[in-house]
4 protein chains.
Amino acid sequence: VSAAYYFSDLLSSIAEKGRQFLRPLPDPGAPGRVSDLASMCADLLTGRGEASGTALARAAIEAYERLGPDGKRAFFERLALEFGPSRQRLEAAVRFWSEDPSEERAASIHYQSEPRRIELFRRLNRAPGGAASLVAMREDLLRLLRGGAALETVDRDLVHLLSSWFNRGFLVLRRIDWSSPALVLEKLIRYEAVHQIRDWDDLRRRIDPPDRRCYAFFHPAIADEPLIFLEVALTQDMPNAIAPLLASERDVVAPQQARFAVFYSISNCLVGLTGISFGNFLIKQVLEDLRRELPRLTAFVTLSPAPGFMAWLKREGAALDLSPEQAQIVARLTEPGWDADVAFQAQARGLVELLAAYYFLIARTPDQRVVDPVARFHLGNGARLEQINFLGDRSAKAMAESAGLMVNYLYDFDRIESNHERYANVREVIASSAIKRLLRALPRTRASLSAPVLETK
Amino acid sequence: VSAAYYFSDLLSSIAEKGRQFLRPLPDPGAPGRVSDLASMCADLLTGRGEASGTALARAAIEAYERLGPDGKRAFFERLALEFGPSRQRLEAAVRFWSEDPSEERAASIHYQSEPRRIELFRRLNRAPGGAASLVAMREDLLRLLRGGAALETVDRDLVHLLSSWFNRGFLVLRRIDWSSPALVLEKLIRYEAVHQIRDWDDLRRRIDPPDRRCYAFFHPAIADEPLIFLEVALTQDMPNAIAPLLASERDVVAPQQARFAVFYSISNCLVGLTGISFGNFLIKQVLEDLRRELPRLTAFVTLSPAPGFMAWLKREGAALDLSPEQAQIVARLTEPGWDADVAFQAQARGLVELLAAYYFLIARTPDQRVVDPVARFHLGNGARLEQINFLGDRSAKAMAESAGLMVNYLYDFDRIESNHERYANVREVIASSAIKRLLRALPRTRASLSAPVLETK
Amino acid sequence: VSAAYYFSDLLSSIAEKGRQFLRPLPDPGAPGRVSDLASMCADLLTGRGEASGTALARAAIEAYERLGPDGKRAFFERLALEFGPSRQRLEAAVRFWSEDPSEERAASIHYQSEPRRIELFRRLNRAPGGAASLVAMREDLLRLLRGGAALETVDRDLVHLLSSWFNRGFLVLRRIDWSSPALVLEKLIRYEAVHQIRDWDDLRRRIDPPDRRCYAFFHPAIADEPLIFLEVALTQDMPNAIAPLLASERDVVAPQQARFAVFYSISNCLVGLTGISFGNFLIKQVLEDLRRELPRLTAFVTLSPAPGFMAWLKREGAALDLSPEQAQIVARLTEPGWDADVAFQAQARGLVELLAAYYFLIARTPDQRVVDPVARFHLGNGARLEQINFLGDRSAKAMAESAGLMVNYLYDFDRIESNHERYANVREVIASSAIKRLLRALPRTRASLSAPVLETK
Amino acid sequence: VSAAYYFSDLLSSIAEKGRQFLRPLPDPGAPGRVSDLASMCADLLTGRGEASGTALARAAIEAYERLGPDGKRAFFERLALEFGPSRQRLEAAVRFWSEDPSEERAASIHYQSEPRRIELFRRLNRAPGGAASLVAMREDLLRLLRGGAALETVDRDLVHLLSSWFNRGFLVLRRIDWSSPALVLEKLIRYEAVHQIRDWDDLRRRIDPPDRRCYAFFHPAIADEPLIFLEVALTQDMPNAIAPLLASERDVVAPQQARFAVFYSISNCLVGLTGISFGNFLIKQVLEDLRRELPRLTAFVTLSPAPGFMAWLKREGAALDLSPEQAQIVARLTEPGWDADVAFQAQARGLVELLAAYYFLIARTPDQRVVDPVARFHLGNGARLEQINFLGDRSAKAMAESAGLMVNYLYDFDRIESNHERYANVREVIASSAIKRLLRALPRTRASLSAPVLETK
């Protein structure tokens, strides 16, 4: 394995450069002018850009970073207007292909219609820290888009390029633990999106004990920024609530004794990579690695939120034809603090579980997709809906979004592809019999089944 | 700097996988079938490719590697025929744009015309060692192209993608020395293309002494393969011959005392990346790094061959209107061993230098380019033709190709861009006055000047 | 530099083993028996210890770690009684030497009188993590010694061996910054002994900004434990108070612009290495490295406490023959909160500075040493007493110990050795003229000068 | 595992310094003077040595390295005469102990009698690269001792200290393979002492194939010098000759399929560490690691030379009371080339095996030890004499030393300690029944059994 060490600092130079460029440069005097930057960009696309090595790319990126918000907007607008496909070349290519619509001439159109900003982005990437700068640029661009700017074409091109560069094949899986650099760890605290990490002690509880794991994808060109990270707990039983997993006092399980690997949180870190999907690959890689490392693990499950449940219930509850008692219960679910009433808990449980089963198995969006976004992600990845957990998460956010519901999805290595196929082809929601049994309580006459519920073994 | 160490083994996993996949897998039984592979490729482009994580990509690459030469040819032909742009989508996009030739619709054509094999290559890259496999695939493809296969469209797409992935911004400069892994060093021995490295002792003389350096670009995804390497000697004087630089017995110069950095050899390693240019970036990065490390260096020069000189002389010598004496000398230059005749050396020297000056400064190809390919490379990079060295290389190859001529090109950091511009715009060959003076010996009446020789300061 | 990477994981194995052994093993059943351990120790000293490789050493260390406090005490007592020098061999060696007191026979006594526990410790060290275990053993031993156990001989032998193993030549200087592993950083929080680090934000302020540095010595065999660390601030001026250095809001100095390197805190981490001195080496190494890295630095100073000042004043104030006014001021210095009274501050300042000058320059311990322990350390290292800072540290601890006094010691690279010589030979306290001038205020008749105050240029 | 990377370059600084100091410095002008060096050494032992940090130690080592052979001899002689134990302190300690021979006073003699050169060596070690310098110093010292110098006392002290510093606990096991740095690999070529490595191709055959391994111990303070290395072949059968193992053309065994791990060569690298034993630890560590990595391995054996066989036969053959035919065979064994005579081979085989069995099992040195030095090493380590291989090594050296005999010693993990005990206590040679059966051919009347041959199960 020692060759690895020789190559190990391949990254260091990049990393160092990356760090230095991730931090915005101090404005050296006057603010940058968009026209200067645009002319640098034009130069970059010529032989001058070649002759300068990386110098011109570096200068252009620095000029961009000196721009204020208006300047950046103006710059992107010029990219949209002046750095699109060459009309002349496109017309010629189309004409050429019309005369003889061969495969080759068709492919030629592809090259002749490439927006020139794509090549510009490639050349900006030559600068030290270029990839990080382009990701930051995309973050700016998203902000402008949200503000209403008509920059979709620029965004499409930049996303397309980033998506090619952040290809799975270039990502590296790293375990993150208490021996990781603080500058990586602080990013976990900052970006954890599912179950907030309160402080360094809380963080340590999630990555340091032997039955807690955290894995992330990194890209060599942005080496000290995790792109996405996954938190895993090794347990004896399938968990039905989040609080015990995160408790500060709990019994530690020896990894060799654990039976379940529980994926309880997955978070993206770089806003500029929004829309480029890594989660599916991360889950499957971790699954594969854990299987090898801990052969006694018997199942890989998530402990996931159901963030769309209450919104759906409010939106479509009326159509469910509930009895007055049921409607009363549902109404109370929207009042904070109901979970403190143990008697009401007992009363509500059956209905909540029934509604949840309906929500996942039967309810559909207008375009016939499963309603819950987290369900769509895991089912699309080939997981199975395994268990519905009443009051699995009693945080204020979870109570409001999903009446505290949590869900386990099961990743069965040997069925991932077939599950995916069935879900993709016939929109079948693969679910455990236990969940499907919940639907039996459904008065046939009252339900309008919008999707068939098929049996799984 | 310690963060670098954390990230350092980002590469190790990739590297390990890379190594394992660079070696062709043993054929496990029956040879692969092209139709199986093609159907895996079709699957890869669907959601199944997504659901499988990296498994399907891995299987497809292994299937490819099991194919024999005919199978590979058949596979590439299917890529050419069946994995091009979607005709239907292209036609729709063109129609849409014809109705309203906006920037946005033009750009849309670009995406709708993308040959599907490009996305296929992206997905193959997800496999462990995928990038190395695709580079090896390109090597196969080049062999087929040389054999006359009509696979140019496939090659264009693959090159385009590799060129984006092997962007300068993702390359890492590494110094190679005697403490580098043997598996890297053996590649220097294998790939040195200019001045052959005979054995490990010869190699050591080039990388171990303090006044000898070797630098290479690596790519994180193919971590133990240098892409290109540059050999450098630190010297007191501008060298006029290669033998003293490579001598086994010579005085070592303390790097802090050296005045010249001499780039005497640059070689590519990966055949599969042919046509993707790294040399310009490598030279400029090394130049920049050496300037910083050794501020007492006063000049950066090459010691380069002139590989086209004798071929040009044979081809066009007749047109030069030489005197009988001159013609006799030229004739003898084609006879091996003339350099052993010291008297003849003295006789030939003036004429050879004159012809060389003519060759570099005046002669042009039919499309008006400089004749010598090495000159084209360095002049295009912004270097200056600095010195012509009679009998700079007396190896059999150099005697045959260039009558032993060697050339120094000078990289003047502050003039690189302007030199490049002048060369690019008005085809001016930037040369030292010493070289231009050589032309004074040229009888005006006999020369047919095909290009003006301009003065440099 | 790439060889470093090959060797880099030399440490990893050790480190991993070290970590695993630093944590006490869970007691596997019955508590260990001292007699079992003693018999393993006896075996270790025979050929069986050799034949077992490292297995017996490992078993013995595990057996030790399973002992409770009483067991450990009993074990050390057996080491004291049964593992001393061999009486027989010592007597023979002494007799032999008495007959002919040659150099060689004298040296022979050294080997024949070696307590057998020293060789035992050497053999215990063969176990994975052995060095860390022996350091932990010493920590236990110190606890027992404080509890009154008569184990000085065992301690002397263990210290002697550890001192040889933790020789400066085996220590490695590492910079610690925000990219260091959390498991190293938490040790800084835990062990900072001078100016407490409150939390991770406070820590970050000390190691992350470009004008803050932290350096530590590590030993390869206990790789994730810093032995000692030094905190440094780069500043424009010589600081006279600690609070501005540690402030959360302050202007950052560009390192290249800084003129002073201020050593403001130095702390040991491993209790088990108490009495083995690293501080002197650490300061000098950091000084040397910073000189090289930042040639514009003009001075290296400490900002140090004066922890013995108030105790001395209480103890010996009476003998100083103070005026009633002065005595009143001194009395008030012992009342908390006096520094809030600005008028009193002004009144007290002159006297406090005078007394401080007296304390450092004139006062001596009964055995004629400088009274202040921090002063003894820095003066012994060859530093000069440079500046006395009234109310340099207004923390409760500093107010109580030293009336808020802080001191700058100056490390002048070229005078370190001569300063040390003068201090060591004639007990001269090397001090700046400014400090010596403070003594002029001293009424000659009232002072009993116990040491001459010499001029420094 | 990522902490390892943080600590990884703990070594790099040391390593770099080490490298630079391993190479003798160029003589800067005048040769060093012994008296200057001796006075630096005296200073080093005072507080000046402390105050200077590592500067004085560095200067002293450089001064030593500038000395010529005579200067070094003179320096060591001063170490012998002037840096021994302090006579005065020793006498006082002995007197004190005579008055009351307590454990404590006995131990005190140990410290009071320490030769001052030991502390001097400790302080020299503070210099960068100090440990490497001291090892080189020992190499010089061994040369002087062989030349007859009376420096045994100095050598004893230096060995004692090095032996403590190169304690097993500080050594790191590293696998060496084709990805190791060339500067490490060249040392294998240089130091292989058993079966010469002819060139880099030969080296590669020993470390690169999957069924060939090489392991070495390194010390962090001399990081790029292996101390000792062990070459291992993974095989299907117990090998009975060396040539097939080293053949350039042979079938490679998949490591997972191998049944035997064969230790066929072990070599020390640093002359200066002669007499400090690492081999036993290396064999056992490799054995333990291979067991874990390749659980299907069934046995760990050596393939060893029998270097003392022919010398013993010549020396003691007469006493063996051989028949005339036997004596004739023995006589021919001393003639080179006999192994080419196949008929003679068949004739000699039985006798050679019988004599070999006698040589290992019965013959003894005057002090009752086994005659063969390699046998003494492995038997002392707890191995069993497993198989005698006629003509196992037909190299000229092996034919001359041992008539081509090779021997397999078996390391049975569970019996190592008991084998060692039996060998150590009753001098029993643990041997396989096959070997003991060879002795049956021994005419009882002719053999003078000098040791009992016991049965092993």
# chains A, B, ... in the order shown; residues from 1 in each chain; ligands from 1

$ select_by_dssp --residues "region 41-263 of chain B" --states "alpha helix (DSSP H)" --output "PyMOL selection string"
chain B and resi 41-44+47-51+55-66+69-82+87-99+103-112+116-124+130-146+152-165+182-191+200-207+243-246

$ write_last_selection --atoms "C-alpha atoms" --output "CSV table (one decimal), in the first residue's frame"
chain,number,residue,atom,x,y,z
B,41,CYS,CA,-24.1,0.0,-21.9
B,42,ALA,CA,-27.8,0.6,-22.8
B,43,ASP,CA,-28.8,-0.2,-19.2
B,44,LEU,CA,-26.1,2.1,-17.9
B,47,GLY,CA,-32.2,4.4,-14.2
B,48,ARG,CA,-30.8,1.0,-13.7
B,49,GLY,CA,-27.3,2.5,-14.1
B,50,GLU,CA,-28.2,4.9,-11.3
B,51,ALA,CA,-29.7,2.3,-9.0
B,55,ALA,CA,-21.6,-2.0,-10.0
B,56,LEU,CA,-22.9,-1.9,-13.6
B,57,ALA,CA,-20.1,0.5,-14.7
B,58,ARG,CA,-17.6,-1.9,-13.2
B,59,ALA,CA,-19.2,-4.9,-14.9
B,60,ALA,CA,-19.2,-3.2,-18.2
B,61,ILE,CA,-15.6,-2.2,-18.0
B,62,GLU,CA,-14.6,-5.7,-17.1
B,63,ALA,CA,-16.7,-7.0,-20.0
B,64,TYR,CA,-14.9,-4.6,-22.3
B,65,GLU,CA,-11.5,-5.7,-21.0
B,66,ARG,CA,-12.3,-9.3,-21.7
B,69,PRO,CA,-9.2,-7.0,-30.7
B,70,ASP,CA,-12.1,-7.9,-33.0
B,71,GLY,CA,-14.6,-7.7,-30.2
B,72,LYS,CA,-13.3,-4.2,-29.3
B,73,ARG,CA,-13.6,-3.1,-32.9
B,74,ALA,CA,-17.1,-4.4,-33.0
B,75,PHE,CA,-17.9,-2.6,-29.8
B,76,PHE,CA,-16.6,0.7,-31.0
B,77,GLU,CA,-18.5,0.3,-34.2
B,78,ARG,CA,-21.7,-0.1,-32.2
B,79,LEU,CA,-20.8,3.0,-30.2
B,80,ALA,CA,-20.4,4.8,-33.5
B,81,LEU,CA,-23.7,3.6,-34.9
B,82,GLU,CA,-26.0,3.2,-32.0
B,87,ARG,CA,-32.2,12.0,-34.3
B,88,GLN,CA,-35.6,12.7,-33.0
B,89,ARG,CA,-34.5,15.0,-30.2
B,90,LEU,CA,-32.0,16.8,-32.5
B,91,GLU,CA,-34.7,17.4,-35.2
B,92,ALA,CA,-37.1,18.8,-32.6
B,93,ALA,CA,-34.5,21.1,-31.2
B,94,VAL,CA,-33.5,22.4,-34.6
B,95,ARG,CA,-37.1,22.9,-35.5
B,96,PHE,CA,-37.7,24.7,-32.3
B,97,TRP,CA,-34.7,27.0,-32.9
B,98,SER,CA,-35.6,27.6,-36.5
B,99,GLU,CA,-38.9,29.1,-35.3
B,103,GLU,CA,-29.6,32.2,-27.7
B,104,GLU,CA,-31.5,29.9,-25.4
B,105,ARG,CA,-32.8,27.7,-28.2
B,106,ALA,CA,-29.4,27.6,-29.8
B,107,ALA,CA,-27.9,26.4,-26.6
B,108,SER,CA,-30.6,23.8,-26.3
B,109,ILE,CA,-29.5,22.3,-29.6
B,110,HIS,CA,-26.2,21.6,-28.0
B,111,TYR,CA,-27.7,19.5,-25.3
B,112,GLN,CA,-30.2,17.7,-27.5
B,116,ARG,CA,-25.3,9.3,-26.2
B,117,ARG,CA,-21.9,7.7,-25.9
B,118,ILE,CA,-20.6,10.8,-24.2
B,119,GLU,CA,-23.0,10.2,-21.3
B,120,LEU,CA,-22.1,6.5,-21.5
B,121,PHE,CA,-18.4,7.3,-21.0
B,122,ARG,CA,-19.3,9.5,-18.1
B,123,ARG,CA,-21.1,6.6,-16.5
B,124,LEU,CA,-18.4,4.1,-17.2
B,130,GLY,CA,-12.8,4.1,-14.5
B,131,ALA,CA,-10.6,7.0,-15.8
B,132,ALA,CA,-7.6,4.7,-16.3
B,133,SER,CA,-9.9,2.3,-18.1
B,134,LEU,CA,-11.2,5.0,-20.4
B,135,VAL,CA,-7.7,6.1,-21.2
B,136,ALA,CA,-6.8,2.5,-22.0
B,137,MET,CA,-9.9,2.3,-24.2
B,138,ARG,CA,-8.7,5.4,-26.1
B,139,GLU,CA,-5.4,3.6,-26.7
B,140,ASP,CA,-7.3,0.7,-28.2
B,141,LEU,CA,-9.3,3.1,-30.3
B,142,LEU,CA,-6.2,4.8,-31.6
B,143,ARG,CA,-4.8,1.5,-32.7
B,144,LEU,CA,-8.0,0.7,-34.5
B,145,LEU,CA,-8.0,4.1,-36.2
B,146,ARG,CA,-4.4,3.6,-37.4
B,152,GLU,CA,-13.4,9.2,-35.8
B,153,THR,CA,-16.7,10.3,-34.3
B,154,VAL,CA,-16.2,8.0,-31.3
B,155,ASP,CA,-12.7,9.3,-30.9
B,156,ARG,CA,-13.7,12.9,-31.0
B,157,ASP,CA,-16.2,12.4,-28.3
B,158,LEU,CA,-13.9,10.4,-26.1
B,159,VAL,CA,-11.1,13.0,-26.6
B,160,HIS,CA,-13.4,15.8,-25.8
B,161,LEU,CA,-14.4,14.3,-22.5
B,162,LEU,CA,-10.9,13.3,-21.5
B,163,SER,CA,-9.7,16.7,-22.3
B,164,SER,CA,-12.3,18.2,-20.0
B,165,TRP,CA,-11.4,15.8,-17.2
B,182,ALA,CA,10.1,2.5,-8.2
B,183,LEU,CA,6.8,2.0,-10.1
B,184,VAL,CA,6.8,5.6,-11.1
B,185,LEU,CA,10.5,5.7,-11.9
B,186,GLU,CA,10.3,2.7,-14.2
B,187,LYS,CA,7.8,4.7,-16.3
B,188,LEU,CA,10.4,7.4,-16.8
B,189,ILE,CA,12.7,4.7,-18.2
B,190,ARG,CA,10.0,3.4,-20.4
B,191,TYR,CA,8.6,6.7,-21.7
B,200,TRP,CA,18.6,2.6,-13.4
B,201,ASP,CA,22.0,4.1,-13.0
B,202,ASP,CA,21.4,6.4,-16.0
B,203,LEU,CA,18.0,7.3,-14.5
B,204,ARG,CA,19.6,8.1,-11.1
B,205,ARG,CA,22.0,10.5,-12.8
B,206,ARG,CA,19.1,12.4,-14.1
B,207,ILE,CA,17.0,12.7,-10.9
B,243,ALA,CA,26.4,14.8,-23.9
B,244,PRO,CA,28.0,16.8,-21.0
B,245,LEU,CA,24.6,17.1,-19.4
B,246,LEU,CA,24.1,13.4,-19.3

$ closest_residue --among "C:Arg437, C:His195, C:His378, C:Arg33" --to "chain D" --atoms "only C-alpha atoms"
C:His378

$ atom_distance --atom1 "CA of Gln257 (chain A)" --atom2 "CA of Leu290 (chain D)"
25.2 Å
